Amino acid sequence: MKTKELTIIGLGGVGGYFGFKLAQKYASSDALNISFVARAQTYEIVKEKGLTLLSAEHENPVAFPHQIYSNLAQLPETDVFVICVKEYDLENICQQLKSRIKEDTVILPLMNGVDIYERIRKIISNGIVLPSCVYVASHIKEKGIVEHKGNPGKIVMGKDPENPQYDALEIAALLKEAGIDLDYKEDSFPDIWTKYFFIASFGLVTARYNKSIGQVVEEPALHNRAALIMKEIEAIAKKKEVAISEDIIEKTFQKAASFPYQTPTSLQLDVQSGKANTELELFAGAIIDYGKILGIPVTETQQIYNEIKAGLL
């Protein structure tokens, strides 16, 4: 039997956490090779010392992949690509992968955002793309070292709308076998949008005011801005016929209230520290673009986007 090749692209908080589990589980497997693609210093460190995951879930904190590459061009023929890059790297990665995708190649994007599937499909028209969303509290502690806190990470994975006949049961089983909490559904878009209600609205308001998630829940002016952004997202989701719950806005505030009061968002940290690349386009840009395409006014999102762009922080 031919050995399957699975490659994790990007070893940040998400790729590092799930990539570690896969690399450690299948280290001595003949059935599956787990390879990593990482950049510069991360590549050097992981090649030499392995990938470190600091997590209560693993006694042995180091895992070595079958192979690590610094460049997509070096990859062998690959059966499954797991894309874990930041949103602003997605198009570039897809352009590089395009020529390597066969009809039965599987792409599993573990990324934030509601338009990831569509953006991949704009560049890669063949292969299987499994729309997914991910929940994990992990971050890069230093190059080659990922720290995980809180609940075990979770993936919600759905079928490819363009290839509904393709059943990803085998991939689901490989991930579960590695101790990954995975929910495989017919349609994962309701989950993807439900998560987006929270990350987009709270990301934008916390980034604009440099206030914590708890403050946005409690302070009336901030609460109101977050609610207005959610109403715009809700109008888009309904127009796109995504099956979201009727009380999604109320539920999103309840979810936010369950976080420790002082929790910041990653967009807030990136924007406030003056980082050149942030996920602002992922959160506001997607809402603004959908608003234009679908003819839905998104004035609140446009306004807060303009304020952040103008440095009104």
# chains A, B, ... in the order shown; residues from 1 in each chain; ligands from 1
$ select_by_dssp --residues "stretch 7-215 of chain A" --states "alpha helix (DSSP H)" --output "PDB file with C-alpha atoms, in the first residue's frame"
ATOM      1  CA  GLY A  13      -0.524  28.497  16.970  1.00  0.00           C
ATOM      2  CA  VAL A  14      -2.923  26.389  14.883  1.00  0.00           C
ATOM      3  CA  GLY A  15      -0.483  24.522  12.619  1.00  0.00           C
ATOM      4  CA  GLY A  16       1.896  23.943  15.516  1.00  0.00           C
ATOM      5  CA  TYR A  17      -0.788  22.465  17.777  1.00  0.00           C
ATOM      6  CA  PHE A  18      -2.449  20.133  15.261  1.00  0.00           C
ATOM      7  CA  GLY A  19       0.778  19.435  13.354  1.00  0.00           C
ATOM      8  CA  PHE A  20       2.460  18.349  16.595  1.00  0.00           C
ATOM      9  CA  LYS A  21      -0.324  15.845  17.355  1.00  0.00           C
ATOM     10  CA  LEU A  22      -0.141  14.356  13.861  1.00  0.00           C
ATOM     11  CA  ALA A  23       3.679  14.213  13.778  1.00  0.00           C
ATOM     12  CA  GLN A  24       3.880  12.573  17.194  1.00  0.00           C
ATOM     13  CA  LYS A  25       1.125  10.033  16.498  1.00  0.00           C
ATOM     14  CA  ALA A  40      13.394  30.769   7.881  1.00  0.00           C
ATOM     15  CA  GLN A  41      14.211  30.485  11.580  1.00  0.00           C
ATOM     16  CA  THR A  42      11.274  28.223  12.431  1.00  0.00           C
ATOM     17  CA  TYR A  43      12.422  25.848   9.693  1.00  0.00           C
ATOM     18  CA  GLU A  44      15.989  25.754  11.085  1.00  0.00           C
ATOM     19  CA  ILE A  45      14.885  25.232  14.703  1.00  0.00           C
ATOM     20  CA  VAL A  46      12.306  22.511  13.988  1.00  0.00           C
ATOM     21  CA  LYS A  47      14.674  20.715  11.603  1.00  0.00           C
ATOM     22  CA  GLU A  48      17.322  20.587  14.344  1.00  0.00           C
ATOM     23  CA  LYS A  49      15.340  20.290  17.590  1.00  0.00           C
ATOM     24  CA  LEU A  90      -3.433  32.592   1.597  1.00  0.00           C
ATOM     25  CA  GLU A  91      -3.417  33.775  -2.038  1.00  0.00           C
ATOM     26  CA  ASN A  92       0.346  33.442  -2.288  1.00  0.00           C
ATOM     27  CA  ILE A  93       0.240  29.866  -0.901  1.00  0.00           C
ATOM     28  CA  CYS A  94      -2.604  28.894  -3.275  1.00  0.00           C
ATOM     29  CA  GLN A  95      -0.681  30.230  -6.302  1.00  0.00           C
ATOM     30  CA  GLN A  96       2.299  28.088  -5.288  1.00  0.00           C
ATOM     31  CA  LEU A  97       0.130  25.000  -4.699  1.00  0.00           C
ATOM     32  CA  ILE A 116     -11.605  31.223   2.884  1.00  0.00           C
ATOM     33  CA  TYR A 117     -13.268  28.508   0.784  1.00  0.00           C
ATOM     34  CA  GLU A 118     -14.249  31.014  -1.935  1.00  0.00           C
ATOM     35  CA  ARG A 119     -10.787  32.570  -1.985  1.00  0.00           C
ATOM     36  CA  ILE A 120      -9.096  29.197  -2.402  1.00  0.00           C
ATOM     37  CA  ARG A 121     -11.554  28.265  -5.162  1.00  0.00           C
ATOM     38  CA  LYS A 122     -10.787  31.490  -7.078  1.00  0.00           C
ATOM     39  CA  ILE A 123      -7.242  30.182  -7.579  1.00  0.00           C
ATOM     40  CA  LEU A 169     -14.174   9.796   6.433  1.00  0.00           C
ATOM     41  CA  GLU A 170     -10.647   8.455   6.011  1.00  0.00           C
ATOM     42  CA  ILE A 171      -9.080  11.867   6.719  1.00  0.00           C
ATOM     43  CA  ALA A 172     -11.455  12.389   9.658  1.00  0.00           C
ATOM     44  CA  ALA A 173     -10.342   9.022  11.060  1.00  0.00           C
ATOM     45  CA  LEU A 174      -6.615   9.867  10.666  1.00  0.00           C
ATOM     46  CA  LEU A 175      -7.100  13.130  12.577  1.00  0.00           C
ATOM     47  CA  LYS A 176      -9.191  11.539  15.322  1.00  0.00           C
ATOM     48  CA  GLU A 177      -6.643   8.746  15.653  1.00  0.00           C
ATOM     49  CA  PHE A 189     -20.692  26.728   6.989  1.00  0.00           C
ATOM     50  CA  PRO A 190     -23.102  27.421   9.899  1.00  0.00           C
ATOM     51  CA  ASP A 191     -20.199  26.711  12.291  1.00  0.00           C
ATOM     52  CA  ILE A 192     -17.781  28.841  10.264  1.00  0.00           C
ATOM     53  CA  TRP A 193     -20.205  31.800  10.279  1.00  0.00           C
ATOM     54  CA  THR A 194     -21.139  31.352  13.960  1.00  0.00           C
ATOM     55  CA  LYS A 195     -17.475  31.644  14.920  1.00  0.00           C
ATOM     56  CA  TYR A 196     -17.077  34.638  12.605  1.00  0.00           C
ATOM     57  CA  PHE A 197     -19.855  36.593  14.355  1.00  0.00           C
ATOM     58  CA  PHE A 198     -17.680  36.554  17.458  1.00  0.00           C
ATOM     59  CA  ILE A 199     -14.170  36.995  16.045  1.00  0.00           C
ATOM     60  CA  ALA A 200     -15.088  39.741  13.557  1.00  0.00           C
ATOM     61  CA  SER A 201     -17.276  41.923  15.801  1.00  0.00           C
ATOM     62  CA  PHE A 202     -15.134  41.603  18.943  1.00  0.00           C
ATOM     63  CA  GLY A 203     -11.892  41.738  16.947  1.00  0.00           C
ATOM     64  CA  LEU A 204     -12.860  45.048  15.316  1.00  0.00           C
ATOM     65  CA  VAL A 205     -14.228  46.766  18.435  1.00  0.00           C
ATOM     66  CA  THR A 206     -11.373  45.644  20.725  1.00  0.00           C
ATOM     67  CA  ALA A 207      -8.813  46.698  18.098  1.00  0.00           C
ATOM     68  CA  ARG A 208     -10.411  50.139  17.645  1.00  0.00           C
ATOM     69  CA  TYR A 209     -10.642  50.981  21.380  1.00  0.00           C
ATOM     70  CA  ILE A 213     -13.584  41.371  25.485  1.00  0.00           C
ATOM     71  CA  GLY A 214     -15.192  41.890  28.919  1.00  0.00           C
ATOM     72  CA  GLN A 215     -15.241  45.670  28.463  1.00  0.00           C
TER      73      GLN A 215
END
$ atom_distance --atom1 "atom CA of A:Cys84" --atom2 "atom CA of A:Gln302"
27.5 Å
$ residues_around --residues "A:Ile308" --least-positions-apart "2" --cutoff "9 Å" --atoms "only C-alpha atoms" --output "JSON, numbers by chain"
{"A": [204, 207, 208, 271, 280, 303, 304, 305, 306, 310, 311, 312, 313]}
$ residues_around --residues "stretch 294-301 of chain A" --least-positions-apart "2" --cutoff "7 Å" --atoms "only C-alpha atoms" --output "list in words"
Leu228, Ile229, Glu232, Ala284, Ile288, Tyr290, Gly291, Lys292, Gln303, Ile304 and Tyr305 of chain A
$ write_last_selection --atoms "N, CA and C atoms" --output "short mmCIF file (atom, residue, chain, number, x, y, z; two decimals), in the first residue's frame"
data_model
loop_
_atom_site.label_atom_id
_atom_site.label_comp_id
_atom_site.auth_asym_id
_atom_site.auth_seq_id
_atom_site.Cartn_x
_atom_site.Cartn_y
_atom_site.Cartn_z
N LEU A 228 -24.10 46.15 16.22
CA LEU A 228 -24.39 46.66 14.87
C LEU A 228 -23.59 45.90 13.81
N ILE A 229 -22.32 45.60 14.12
CA ILE A 229 -21.50 44.81 13.18
C ILE A 229 -22.12 43.43 13.00
N GLU A 232 -25.01 43.37 10.65
CA GLU A 232 -24.60 43.41 9.24
C GLU A 232 -24.15 42.02 8.77
N ALA A 284 -12.98 42.85 8.59
CA ALA A 284 -13.80 43.92 8.02
C ALA A 284 -13.90 43.81 6.50
N ILE A 288 -17.29 43.97 4.10
CA ILE A 288 -17.45 45.07 3.15
C ILE A 288 -17.62 44.53 1.72
N TYR A 290 -18.65 41.45 0.77
CA TYR A 290 -19.95 40.78 0.64
C TYR A 290 -21.07 41.81 0.56
N GLY A 291 -20.96 42.89 1.33
CA GLY A 291 -21.97 43.95 1.30
C GLY A 291 -22.13 44.50 -0.11
N LYS A 292 -21.00 44.76 -0.76
CA LYS A 292 -21.03 45.30 -2.13
C LYS A 292 -21.64 44.29 -3.09
N GLN A 303 -17.34 51.96 8.71
CA GLN A 303 -16.93 53.06 9.58
C GLN A 303 -15.77 52.66 10.50
N ILE A 304 -15.92 51.52 11.17
CA ILE A 304 -14.89 51.09 12.13
C ILE A 304 -13.60 50.70 11.39
N TYR A 305 -13.77 50.14 10.19
CA TYR A 305 -12.62 49.81 9.33
C TYR A 305 -11.85 51.09 8.99
#
